[in-house]
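Worksheet: one structure, shown below.
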Amino acid sequence: MTEDEQTKAGRPPRADAMRNRARLVDAATQSFAEHGVDASLEDIARCAGVGIGTLYRHFPTRDSLVAAVYRNEVDVLCESADELLASLPPDQALAAWMQRFVGYVATKRGMASALKSMMGTNTALFEECRRRMNDAATRLLGAAAAAGGVRSDISATDLLRAMGGICLATDNADLPEQARPLVALLLDGLRYGVGAPATADRLGAAG
């Protein structure tokens with residue numbers, strides 16, 4: 001019985017099973033990033049310190065492992081939004097999260113072909129992850145705008161679309177490094193005009 005089957009049956013997975021699953025996801029994340037989605041499952045199991053049978057008990061198919069890695073990466077990125085807001089000024093939290101977004105895309109690059117083929121068969125996964133990303137970006141933008149750090153007329157959808165464009169424009173092995181100055185440029189755009197008086201006020205003062 002797989003972990004999912006145990007959960008559906010009302011039996012929580014054992015602690016050691018949860019640890020094995022986490023190690024497998026971590027090992028797969030690294031392996032997919034380095035070698036692509038066709039990386040050896042045997043090597044992934046070995047790096048996780050478990051046997052191939054344990055891997056298949058948790059993830060009966062390669063697609064199920066890819067989906068788990070993708071969901072975990074989205075979880076880490078989205079949960080970091082609140083962590084950053086708790087430890088940094090809102091505009092700095094937004095800037096740090098945007099850089100983490102680039103790292104998330106770089107990690108996902110090795111799974112791109114598999115994720116694309118899964119979009120038609122696992123729409124719930126992608127819709128949930130898209131919603132969570134949008135919610136995280138909305139919280140960060142809202143906090144930064146309320147603190148006067150960025151413009152208030154930028155939506156989470158616009159931000160994510162712009163970030164996606166940056167990642168597409170620098171889609172190679174040096175993605176995080178090459179994207180950093182473009183992210184800084186986007187941040188400048190988000191800050192443009194913040195705190196400036198309205199045009200009508202300026203014209204009135206000039207008259």
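Going by the structure tokens order, chains are called A, B, ..., each with residues numbered from 1, while ligands are numbered from 1 in the order shown.
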Handout entry: Contacts of segment 51-68 of chain A at 9 Å (only C-alpha atoms; same-chain gap of 6+ positions) as a VMD selection string
Key = chain A and resid 1 to 4 17 20 to 21 24 to 25 28 to 29 32 37 to 38 41 to 45 111 114 to 115 118 125
Problem - segment 98-104 of chain A environment, 6 Å, only C-alpha atoms, sequence neighbours closer than 3 positions dropped, as a VMD selection string - result: chain A and resid 95 107 176
Just write the chosen residues, N, CA and C atoms, as an mmCIF file, in the first residue's frame.
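File result_27.cif, as written:
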```cif
data_model
loop_
_atom_site.group_PDB
_atom_site.id
_atom_site.type_symbol
_atom_site.label_atom_id
_atom_site.label_comp_id
_atom_site.auth_asym_id
_atom_site.auth_seq_id
_atom_site.Cartn_x
_atom_site.Cartn_y
_atom_site.Cartn_z
ATOM 1 N N ALA A 95 11.631 41.817 -3.144
ATOM 2 C CA ALA A 95 12.830 41.666 -3.966
ATOM 3 C C ALA A 95 13.470 40.297 -3.755
ATOM 4 N N THR A 107 15.260 25.392 -11.147
ATOM 5 C CA THR A 107 15.112 24.019 -10.684
ATOM 6 C C THR A 107 14.089 23.265 -11.525
ATOM 7 N N PRO A 176 19.926 31.884 -12.995
ATOM 8 C CA PRO A 176 19.860 32.787 -11.835
ATOM 9 C C PRO A 176 20.807 33.973 -11.959
#
```
Completion exercise
What separates atom CA of Ala147 of chain A and atom CA of Gly164 of chain A is a distance of 25.5 Å
Practice task
Write out as a PyMOL selection string all residues of segment 10-178 of chain A that DSSP puts in alpha helix (DSSP H) for this structure's backbone.
Solution key: chain A and resi 15-35+41-48+52-58+62-87+90-108+112-118+123-146+156-169+175-178
Handout entry: Contact residues around segment 186-193 of chain A with only C-alpha atoms at 8 Å, ignoring same-chain residues under 5 positions, as a list in words
Key = Ala95, Gly149, Val150, Arg151 and Ile154 of chain A
Problem - Which residue of A:Leu159, A:Ala136, A:Val69, A:Ala39 approaches Asp82 of chain A most closely, using only C-alpha atoms - result: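 Counting only C-alpha atoms, the residue closest to Asp82 of chain A is A:Ala136.
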Handout entry: Counting only C-alpha atoms, the residue of A:Ala169, A:Met119, A:Ala86, A:Ala81 that sits nearest Leu141 of chain A
Key = A:Ala81
Handout entry: Straight-line distance linking atom CA of Lys108 of chain A with atom CA of Asp91 of chain A, stated in Å to one decimal
Key = 25.8 Å
Problem - Asp26 of chain A environment, 8 Å, only C-alpha atoms, sequence neighbours closer than 4 positions dropped, as a ChimeraX atom specification - result: /A:22,30,48,69
Handout entry: Close residues, Thr138 of chain A itself excluded, 9 Å, only C-alpha atoms, min 6 positions apart in chain, as a list in words
Key =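 Using only C-alpha atoms, the neighbours found are Ser155, Ala156 and Thr157 of chain A.
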